[in-house]
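Have a look at start_10.cif below; it lists mmCIF, C-alpha atoms and all ligand atoms.
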```
data_model
loop_
_atom_site.label_atom_id
_atom_site.label_comp_id
_atom_site.auth_asym_id
_atom_site.auth_seq_id
_atom_site.Cartn_x
_atom_site.Cartn_y
_atom_site.Cartn_z
CA MET A 378 -0.94 3.36 -19.11
CA ALA A 379 -3.52 1.15 -20.82
CA ALA A 380 -6.73 -0.39 -19.54
CA LYS A 381 -8.17 -3.70 -20.63
CA ILE A 382 -11.19 -5.78 -19.70
CA GLN A 383 -10.34 -9.10 -18.01
CA GLY A 384 -13.38 -11.23 -17.24
CA LYS A 385 -15.91 -8.89 -15.68
CA CYS A 386 -13.47 -6.40 -14.18
CA GLN A 387 -11.39 -3.65 -15.69
CA VAL A 388 -7.65 -4.09 -15.23
CA TYR A 389 -5.30 -1.10 -15.40
CA LEU A 390 -1.97 -1.95 -16.98
CA LEU A 391 0.58 0.32 -15.37
CA ALA A 392 3.97 -1.22 -15.90
CA VAL A 393 5.85 -2.84 -18.74
CA PRO A 394 8.37 -5.52 -17.69
CA LYS A 395 11.99 -4.71 -18.53
CA ARG A 396 13.72 -8.00 -17.94
CA CYS A 397 17.03 -6.86 -19.37
CA MET A 398 17.34 -4.17 -16.70
CA LEU A 399 18.89 -4.72 -13.30
CA MET A 400 16.37 -2.60 -11.43
CA ALA A 401 12.78 -3.59 -10.83
CA GLU A 402 9.89 -1.74 -12.43
CA ILE A 403 8.45 0.60 -9.81
CA LEU A 404 4.70 0.26 -9.43
CA ASP A 405 3.43 3.83 -9.18
CA GLY A 406 0.48 3.81 -6.79
CA VAL A 407 -0.12 7.54 -7.19
CA ALA A 408 -0.61 7.24 -10.97
CA LEU A 409 -2.77 4.14 -10.69
CA ALA A 410 -4.89 5.70 -7.93
CA LYS A 411 -5.43 8.80 -10.06
CA ARG A 412 -6.64 6.64 -12.93
CA ILE A 413 -9.14 4.90 -10.64
CA LYS A 414 -10.36 8.21 -9.15
CA ASP A 415 -10.75 9.74 -12.64
CA ASP A 416 -12.96 6.79 -13.63
CA ILE A 417 -15.04 7.20 -10.46
CA LYS A 418 -15.53 10.89 -11.16
CA LYS A 419 -16.49 10.16 -14.77
CA GLU A 420 -19.15 7.67 -13.65
CA ILE A 421 -20.55 10.05 -11.01
CA VAL A 422 -20.80 12.88 -13.56
CA GLN A 423 -22.20 10.71 -16.38
CA LYS A 424 -24.90 9.16 -14.18
CA ASN A 425 -25.50 12.43 -12.29
CA LEU A 426 -25.11 10.64 -8.96
CA GLU A 427 -25.11 12.14 -5.48
CA VAL A 428 -22.70 10.12 -3.37
CA GLY A 429 -21.86 10.84 0.29
CA LEU A 430 -19.21 9.56 2.70
CA ALA A 431 -19.24 10.17 6.46
CA VAL A 432 -15.92 10.05 8.29
CA VAL A 433 -15.97 9.56 12.07
CA LEU A 434 -12.92 10.38 14.15
CA VAL A 435 -12.51 9.95 17.91
CA GLY A 436 -9.65 11.75 19.65
CA ASN A 437 -6.67 13.80 18.54
CA ASP A 438 -4.31 11.29 16.92
CA PRO A 439 -2.25 13.53 14.55
CA ALA A 440 -1.75 10.77 11.96
CA SER A 441 -5.53 10.13 11.90
CA ARG A 442 -6.14 13.84 11.24
CA ILE A 443 -3.80 13.69 8.23
CA TYR A 444 -5.53 10.55 6.91
CA VAL A 445 -8.95 12.17 7.30
CA ASN A 446 -7.82 15.31 5.46
CA ASN A 447 -6.39 13.19 2.63
CA LYS A 448 -9.66 11.30 2.33
CA LYS A 449 -11.54 14.59 2.16
CA LYS A 450 -9.31 15.64 -0.77
CA ASP A 451 -9.94 12.30 -2.51
CA CYS A 452 -13.69 12.83 -2.13
CA GLU A 453 -13.40 16.30 -3.69
CA GLU A 454 -11.41 14.86 -6.63
CA CYS A 455 -14.05 12.19 -7.23
CA GLY A 456 -17.12 14.39 -6.81
CA ILE A 457 -18.17 12.62 -3.60
CA SER A 458 -19.46 14.82 -0.80
CA SER A 459 -17.85 14.14 2.55
CA VAL A 460 -18.85 15.06 6.06
CA GLU A 461 -16.65 14.71 9.14
CA TYR A 462 -17.74 13.98 12.70
CA ILE A 463 -15.01 14.58 15.26
CA PHE A 464 -15.46 13.38 18.85
CA SER A 465 -13.20 14.37 21.72
CA GLU A 466 -10.85 11.75 23.22
CA SER A 467 -13.26 11.27 26.16
CA ALA A 468 -16.36 10.49 24.03
CA SER A 469 -18.16 7.34 25.15
CA GLN A 470 -18.68 4.25 23.00
CA GLU A 471 -22.45 4.79 23.28
CA GLU A 472 -22.16 8.31 21.81
CA VAL A 473 -20.12 7.03 18.87
CA ILE A 474 -22.52 4.15 18.20
CA ALA A 475 -25.53 6.49 18.46
CA LEU A 476 -24.04 8.64 15.68
CA ILE A 477 -23.30 5.58 13.52
CA GLN A 478 -26.90 4.42 13.92
CA ARG A 479 -28.12 7.83 12.77
CA LEU A 480 -25.78 7.71 9.77
CA ASN A 481 -26.95 4.15 8.97
CA SER A 482 -30.42 5.52 8.24
CA ASP A 483 -29.31 8.80 6.60
CA LYS A 484 -30.13 8.51 2.88
CA GLN A 485 -27.52 11.12 1.92
CA ILE A 486 -24.74 9.05 3.44
CA ASN A 487 -23.71 6.03 1.36
CA GLY A 488 -20.54 5.04 3.18
CA ILE A 489 -19.35 5.29 6.79
CA LEU A 490 -15.68 5.29 7.62
CA ILE A 491 -14.57 5.04 11.24
CA GLN A 492 -10.99 6.30 11.42
CA GLN A 493 -8.85 4.12 13.68
CA PRO A 494 -7.11 3.87 16.14
CA PHE A 495 -9.68 4.55 18.86
CA PRO A 496 -8.99 5.60 22.44
CA SER A 497 -8.52 2.46 24.56
CA HIS A 498 -11.92 2.68 26.32
CA ILE A 499 -13.72 2.10 23.00
CA ASP A 500 -14.08 -1.44 21.67
CA VAL A 501 -13.08 -1.50 18.00
CA PHE A 502 -15.02 -4.67 17.21
CA THR A 503 -18.31 -3.41 18.69
CA VAL A 504 -18.07 -0.07 16.88
CA ASN A 505 -17.17 -1.69 13.53
CA GLU A 506 -20.10 -4.10 13.87
CA SER A 507 -22.53 -1.19 14.37
CA VAL A 508 -21.95 0.07 10.80
CA SER A 509 -24.67 -1.06 8.37
CA PRO A 510 -23.36 -3.87 6.09
CA LEU A 511 -24.50 -1.75 3.12
CA LYS A 512 -22.36 1.21 4.26
CA ASP A 513 -19.29 -0.70 5.48
CA VAL A 514 -16.94 0.89 2.90
CA ASP A 515 -13.83 0.11 4.94
CA ALA A 516 -14.95 -3.56 4.99
CA PHE A 517 -14.06 -3.98 8.66
CA ARG A 518 -17.22 -5.85 9.76
CA ALA A 519 -16.57 -9.50 10.56
CA ASP A 520 -19.20 -10.71 8.07
CA THR A 521 -17.78 -8.47 5.32
CA VAL A 522 -14.31 -10.03 5.79
CA GLY A 523 -15.83 -13.52 6.15
CA ARG A 524 -17.71 -13.20 2.85
CA ILE A 525 -14.37 -12.95 1.01
CA ALA A 526 -13.70 -16.57 2.07
CA VAL A 527 -16.77 -17.76 0.16
CA GLY A 528 -16.14 -15.42 -2.79
CA SER A 529 -19.40 -13.50 -2.37
CA TYR A 530 -19.00 -9.92 -1.29
CA GLY A 531 -20.14 -6.34 -1.82
CA PHE A 532 -17.04 -4.61 -0.48
CA LEU A 533 -13.41 -5.67 -0.37
CA PRO A 534 -11.11 -4.19 2.28
CA CYS A 535 -9.40 -1.17 0.70
CA THR A 536 -5.74 -2.02 1.33
CA PRO A 537 -5.73 -5.63 0.04
CA ALA A 538 -8.02 -4.60 -2.85
CA GLY A 539 -5.50 -1.85 -3.71
CA VAL A 540 -2.69 -4.42 -3.59
CA MET A 541 -4.60 -6.66 -6.03
CA GLU A 542 -4.95 -3.72 -8.43
CA LEU A 543 -1.19 -3.09 -8.22
CA ILE A 544 -0.47 -6.77 -8.92
CA HIS A 545 -2.94 -6.79 -11.84
CA SER A 546 -1.28 -3.66 -13.25
CA THR A 547 1.87 -5.72 -13.95
CA GLY A 548 -0.10 -7.93 -16.35
CA VAL A 549 1.41 -11.01 -14.61
CA PRO A 550 -1.30 -13.67 -14.02
CA VAL A 551 -1.81 -14.55 -10.34
CA ALA A 552 -3.18 -18.08 -10.91
CA GLY A 553 -0.68 -20.78 -9.98
CA LYS A 554 1.84 -18.36 -8.46
CA GLU A 555 3.50 -18.93 -5.07
CA CYS A 556 2.30 -15.98 -2.98
CA VAL A 557 3.54 -15.15 0.50
CA VAL A 558 1.75 -12.67 2.76
CA VAL A 559 3.68 -11.44 5.80
CA GLY A 560 1.16 -10.41 8.48
CA ARG A 561 -2.14 -11.93 9.58
CA SER A 562 -4.22 -8.97 10.74
CA ASN A 563 -7.98 -8.99 10.10
CA ILE A 564 -7.78 -5.83 7.99
CA VAL A 565 -4.75 -6.59 5.82
CA GLY A 566 -3.01 -9.97 6.07
CA LYS A 567 -5.96 -12.38 6.27
CA PRO A 568 -8.19 -10.77 3.61
CA MET A 569 -5.09 -10.34 1.40
CA ALA A 570 -4.38 -14.07 1.56
CA LEU A 571 -8.03 -14.91 0.78
CA MET A 572 -8.09 -12.58 -2.22
CA LEU A 573 -4.94 -14.16 -3.66
CA LEU A 574 -6.42 -17.62 -3.03
CA ASN A 575 -9.63 -16.56 -4.81
CA GLU A 576 -7.43 -15.88 -7.84
CA SER A 577 -6.01 -19.43 -7.67
CA ALA A 578 -2.60 -18.62 -6.18
CA THR A 579 -0.82 -20.98 -3.78
CA VAL A 580 -0.77 -18.86 -0.62
CA THR A 581 1.33 -18.95 2.54
CA ILE A 582 0.72 -16.59 5.47
CA CYS A 583 3.67 -15.68 7.69
CA HIS A 584 3.51 -13.92 11.05
CA SER A 585 5.52 -13.08 14.14
CA ARG A 586 5.78 -16.78 15.11
CA THR A 587 6.97 -17.98 11.70
CA ARG A 588 10.23 -19.86 12.32
CA ASP A 589 12.37 -18.95 9.29
CA LEU A 590 10.75 -16.04 7.48
CA GLY A 591 13.40 -15.81 4.74
CA ASP A 592 13.06 -19.50 3.95
CA VAL A 593 9.38 -18.89 3.10
CA THR A 594 9.64 -15.47 1.42
CA ARG A 595 12.38 -16.71 -0.95
CA ARG A 596 9.77 -19.02 -2.51
CA ALA A 597 7.43 -16.12 -3.31
CA ASP A 598 6.69 -15.15 -6.90
CA ILE A 599 4.47 -12.52 -5.29
CA LEU A 600 5.50 -11.22 -1.87
CA VAL A 601 3.21 -8.92 0.13
CA SER A 602 4.65 -7.57 3.36
CA ALA A 603 2.24 -6.12 5.92
CA ALA A 604 4.09 -6.52 9.21
CA GLY A 605 4.79 -2.90 10.12
CA ARG A 606 8.50 -3.59 10.78
CA ALA A 607 11.06 -1.38 9.04
CA GLY A 608 13.83 -3.37 7.36
CA LEU A 609 12.12 -6.75 7.93
CA ILE A 610 12.41 -7.88 4.29
CA THR A 611 16.00 -7.77 3.07
CA ALA A 612 17.23 -8.39 -0.48
CA GLU A 613 18.33 -11.93 0.48
CA MET A 614 14.72 -12.77 1.36
CA VAL A 615 13.40 -11.87 -2.11
CA LYS A 616 13.21 -14.32 -5.03
CA LYS A 617 14.75 -13.12 -8.29
CA GLY A 618 12.00 -11.83 -10.58
CA ALA A 619 9.39 -11.51 -7.82
CA ILE A 620 6.61 -8.95 -7.49
CA VAL A 621 7.19 -7.23 -4.13
CA ILE A 622 4.38 -5.23 -2.57
CA ASP A 623 5.20 -3.27 0.56
CA VAL A 624 2.16 -2.43 2.68
CA GLY A 625 4.17 -1.44 5.78
CA MET A 626 4.12 2.16 6.96
CA ASN A 627 6.90 2.77 9.45
CA ARG A 628 9.33 5.50 10.46
CA ASP A 629 13.06 4.93 9.99
CA LYS A 630 15.65 6.15 12.49
CA ASN A 631 15.58 9.60 10.86
CA GLY A 632 11.80 9.81 11.22
CA ARG A 633 11.16 9.31 7.50
CA LEU A 634 8.24 7.22 6.27
CA CYS A 635 9.38 3.76 5.10
CA GLY A 636 7.96 0.32 4.46
CA ASP A 637 8.94 -3.18 5.62
CA VAL A 638 11.16 -3.87 2.62
CA ASP A 639 14.76 -2.81 1.97
CA PHE A 640 13.67 -1.02 -1.21
CA GLU A 641 17.12 -0.44 -2.68
CA GLY A 642 18.34 -4.00 -2.16
CA ALA A 643 15.08 -5.73 -3.09
CA SER A 644 14.64 -3.68 -6.26
CA LYS A 645 17.84 -5.22 -7.62
CA LYS A 646 16.24 -8.68 -7.44
CA ALA A 647 12.53 -8.13 -8.00
CA ASP A 648 10.89 -7.52 -11.38
CA TYR A 649 8.31 -5.18 -9.82
CA ILE A 650 8.27 -3.35 -6.52
CA THR A 651 6.15 -0.72 -4.77
CA PRO A 652 7.75 2.32 -3.12
CA VAL A 653 6.83 3.74 0.29
CA PRO A 654 5.45 6.36 0.13
CA GLY A 655 3.66 6.33 -3.23
CA GLY A 656 2.74 2.66 -3.53
CA VAL A 657 -0.04 1.01 -1.52
CA GLY A 658 -1.10 4.11 0.49
CA PRO A 659 -2.72 6.07 -2.37
CA MET A 660 -4.31 2.86 -3.65
CA THR A 661 -5.99 2.23 -0.28
CA ARG A 662 -7.58 5.67 -0.50
CA ALA A 663 -8.66 5.22 -4.13
CA LEU A 664 -10.30 1.90 -3.26
CA LEU A 665 -12.20 3.62 -0.44
CA MET A 666 -13.68 5.95 -3.07
CA LYS A 667 -14.53 2.93 -5.24
CA ASN A 668 -16.26 1.21 -2.31
CA THR A 669 -18.27 4.36 -1.62
CA LEU A 670 -19.51 4.36 -5.21
CA THR A 671 -20.29 0.63 -4.91
CA ALA A 672 -22.25 1.41 -1.71
CA LYS A 673 -24.35 3.92 -3.65
CA SER A 674 -25.27 1.28 -6.23
CA LEU A 675 -25.99 -1.35 -3.54
CA GLN A 676 -28.41 1.09 -1.87
CA SER A 677 -30.22 2.12 -5.07
P1 LIG A 701 -0.93 -5.39 12.73
O1 LIG A 701 0.03 -4.89 13.76
O2 LIG A 701 -2.34 -5.61 13.10
O3 LIG A 701 -0.37 -6.76 12.13
C1 LIG A 701 0.98 -6.96 11.88
C2 LIG A 701 1.21 -8.40 11.50
O4 LIG A 701 2.57 -8.58 11.20
C3 LIG A 701 0.87 -9.38 12.63
O5 LIG A 701 0.04 -10.40 12.12
C4 LIG A 701 2.21 -9.96 13.06
O6 LIG A 701 2.14 -11.34 13.38
C5 LIG A 701 3.07 -9.74 11.83
N1 LIG A 701 4.47 -9.53 12.20
C6 LIG A 701 4.94 -8.62 13.07
N2 LIG A 701 6.29 -8.76 13.18
C7 LIG A 701 6.65 -9.76 12.36
C8 LIG A 701 7.88 -10.38 12.05
N3 LIG A 701 9.02 -9.99 12.61
N4 LIG A 701 7.88 -11.40 11.17
C9 LIG A 701 6.73 -11.80 10.58
N5 LIG A 701 5.53 -11.24 10.84
C10 LIG A 701 5.49 -10.24 11.73
O7 LIG A 701 -0.79 -4.37 11.53
P2 LIG A 701 -1.75 -4.09 10.24
O8 LIG A 701 -2.87 -3.24 10.66
O9 LIG A 701 -2.01 -5.36 9.51
O10 LIG A 701 -0.74 -3.20 9.39
C11 LIG A 701 0.51 -3.71 8.96
C12 LIG A 701 1.35 -2.59 8.39
O11 LIG A 701 0.70 -2.08 7.25
C13 LIG A 701 1.55 -1.38 9.33
O12 LIG A 701 2.81 -0.82 9.08
C14 LIG A 701 0.45 -0.42 8.89
O13 LIG A 701 0.78 0.93 9.17
C15 LIG A 701 0.47 -0.69 7.40
N6 LIG A 701 -0.80 -0.36 6.72
C16 LIG A 701 -0.68 0.38 5.61
C17 LIG A 701 -1.81 0.71 4.90
C18 LIG A 701 -1.66 1.52 3.66
O14 LIG A 701 -2.66 2.00 3.14
N7 LIG A 701 -0.44 1.67 3.13
C19 LIG A 701 -3.07 0.28 5.34
C20 LIG A 701 -3.16 -0.52 6.47
C21 LIG A 701 -1.99 -0.84 7.16
#
```

Final structure tokens representation of the file:
Amino acid sequence: MAAKIQGKCQVYLLAVPKRCMLMAEILDGVALAKRIKDDIKKEIVQKNLEVGLAVVLVGNDPASRIYVNNKKKDCEECGISSVEYIFSESASQEEVIALIQRLNSDKQINGILIQQPFPSHIDVFTVNESVSPLKDVDAFRADTVGRIAVGSYGFLPCTPAGVMELIHSTGVPVAGKECVVVGRSNIVGKPMALMLLNESATVTICHSRTRDLGDVTRRADILVSAAGRAGLITAEMVKKGAIVIDVGMNRDKNGRLCGDVDFEGASKKADYITPVPGGVGPMTRALLMKNTLTAKSLQS
């Protein structure tokens, strides 16, 4: 894997196109994430930085516990110290916000991550908005997302930023491409579309009310699916030679983790494709580490 400098940002080149082959090149998110985390660690060691991330969890959601443990491991790999705050399911919104306010003024904490989902009595928007804009490493605040629209931001949301890194790793230029994003959530679909637009792509957003999804996705040179529906994107819906990025994290009928895309079928048509697991997931976590390091520099 090579790295090159494109404009101001470093681009990791992960894959080499093999157009004579039937199968798509698999974009290895684990390898790319490791490369990013190694660079973060190198910078922290070289500059002798002390970087801290606070993770706040409310309730006993088993998946959230796994995510929090994985993030703790990522912090260890990068040389970032992490501290966890775990509230019981019955904790009040005021208690959670009081902790966030304390962490906002704690100089040893550079980033604050609020693990979601929350119990239903807690308002996600209000809690997200209570995080200091300088520590919003998940980029969930409304103004953080809004700043992407005007191309002026400190943090980018981790999942779409990870997707951009995966697309850049192919070496295929984004400018001028037809890009289709399936899903319009505030944390994935909408910022994803804005980030592709900021790189001069022609972008279409699809969602649950889109009339003929396949008709739109078949136009996509770059297709990003973030619907959370197993089997939604079949091979017939993929353009030959496309880059297919699968953000979805679902369970199939056997309980196995899977994405939105029929991986086997789509990989016969696409030039590049991400697997699930091992594609976008590890990149989301690596970009959280990158945002935490960015937070440190924004606060210095
Ligand atoms: P969400 O439920 O908030 O949004 C889903 C979007 O998909 C909605 O905008 C909806 O309109 C659209 N949609 C649903 N069914 C559709 C259909 N049949 N056709 C077209 N569009 C449809 O979910 P989210 O938070 O944006 O997450 C989306 C998926 O990505 C989930 O599976 C989630 O687990 C996964 N995810 C993965 C990562 C990661 O790191 N890999 C990070 C965040 C989210």

List every residue of chain A that has an atom at most 8 Å from any atom of ligand LIG 701 (chain A), giving for each one its closest atom pair and the distance in Å to one decimal, counting all atoms listed in the file, sorted by chain and then by ascending residue number, as a tab-separated table.
```
residue	atom	partner	partner_atom	distance
A:Cys535	CA	A:LIG701	O14	7.8
A:Thr536	CA	A:LIG701	C19	5.3
A:Val559	CA	A:LIG701	N5	5.4
A:Gly560	CA	A:LIG701	O4	3.6
A:Arg561	CA	A:LIG701	O5	3.7
A:Ser562	CA	A:LIG701	O9	4.4
A:Asn563	CA	A:LIG701	O9	7.0
A:Ile564	CA	A:LIG701	O9	6.0
A:Val565	CA	A:LIG701	O9	4.8
A:Gly566	CA	A:LIG701	O9	5.8
A:Cys583	CA	A:LIG701	C9	5.7
A:His584	CA	A:LIG701	N5	3.4
A:Ser585	CA	A:LIG701	C10	3.7
A:Arg586	CA	A:LIG701	O6	6.8
A:Thr587	CA	A:LIG701	C9	6.3
A:Leu590	CA	A:LIG701	N4	6.6
A:Ser602	CA	A:LIG701	O11	7.8
A:Ala603	CA	A:LIG701	C11	4.2
A:Ala604	CA	A:LIG701	O4	3.2
A:Gly605	CA	A:LIG701	O12	3.1
A:Arg606	CA	A:LIG701	N2	6.1
A:Leu609	CA	A:LIG701	N3	6.5
A:Asp623	CA	A:LIG701	N7	7.9
A:Val624	CA	A:LIG701	O11	4.8
A:Gly625	CA	A:LIG701	O12	3.6
A:Met626	CA	A:LIG701	O12	3.9
A:Asn627	CA	A:LIG701	O12	5.5
A:Gly636	CA	A:LIG701	O12	7.0
A:Asp637	CA	A:LIG701	O12	7.4
A:Gly656	CA	A:LIG701	N7	7.4
A:Val657	CA	A:LIG701	N7	4.7
A:Gly658	CA	A:LIG701	N7	3.7
A:Pro659	CA	A:LIG701	O14	6.9
A:Met660	CA	A:LIG701	O14	7.0
A:Thr661	CA	A:LIG701	O14	4.8
A:Arg662	CA	A:LIG701	O14	7.1
```

Q | One-decimal distance in Å that lies between atom CA of Pro496 of chain A and atom CA of Glu453 of chain A | A |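 These two atoms are separated by 28.6 Å.
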
Closest of A:Ile486, A:Ile599, A:Val508, A:Ala538 to Ile620 of chain A, counting all atoms listed in the file, is A:Ile599

Nearest to Pro652 of chain A, chosen from A:Ala597, A:Val615, A:Leu543, A:Val473, with only C-alpha atoms counted in the distances =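 The answer is A:Leu543, which sits nearest to Pro652 of chain A.
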
re atom CA of Phe464 of chain A and atom CA of Ile491 of chain A: distance 11.3 Å

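Excluding segment 612-614 of chain A itself and same-chain residues fewer than 5 positions from it, the residues having an atom within 12 Å of it are Val557, Val559, Asp589, Leu590, Gly591, Asp592, Val593, Thr594, Arg595, Arg596, Ala597, Asp598, Leu600, Ser602, Ala619, Val621, Asp637, Val638, Asp639, Phe640, Glu641, Gly642, Ala643, Ser644, Lys645, Lys646, Ala647 and Ile650 of chain A, counting all atoms listed in the file.
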
A straight line from atom CA of Lys484 of chain A to atom CA of Arg442 of chain A spans 26.0 Å

For Thr581 of chain A, list every protein, DNA or RNA residue within 8 Å, evaluated using only C-alpha atoms, and leave out those in the same chain fewer than 4 positions away; present the list as a list in words.
-> Glu555, Cys556, Val557, Val558 and Ala570 of chain A
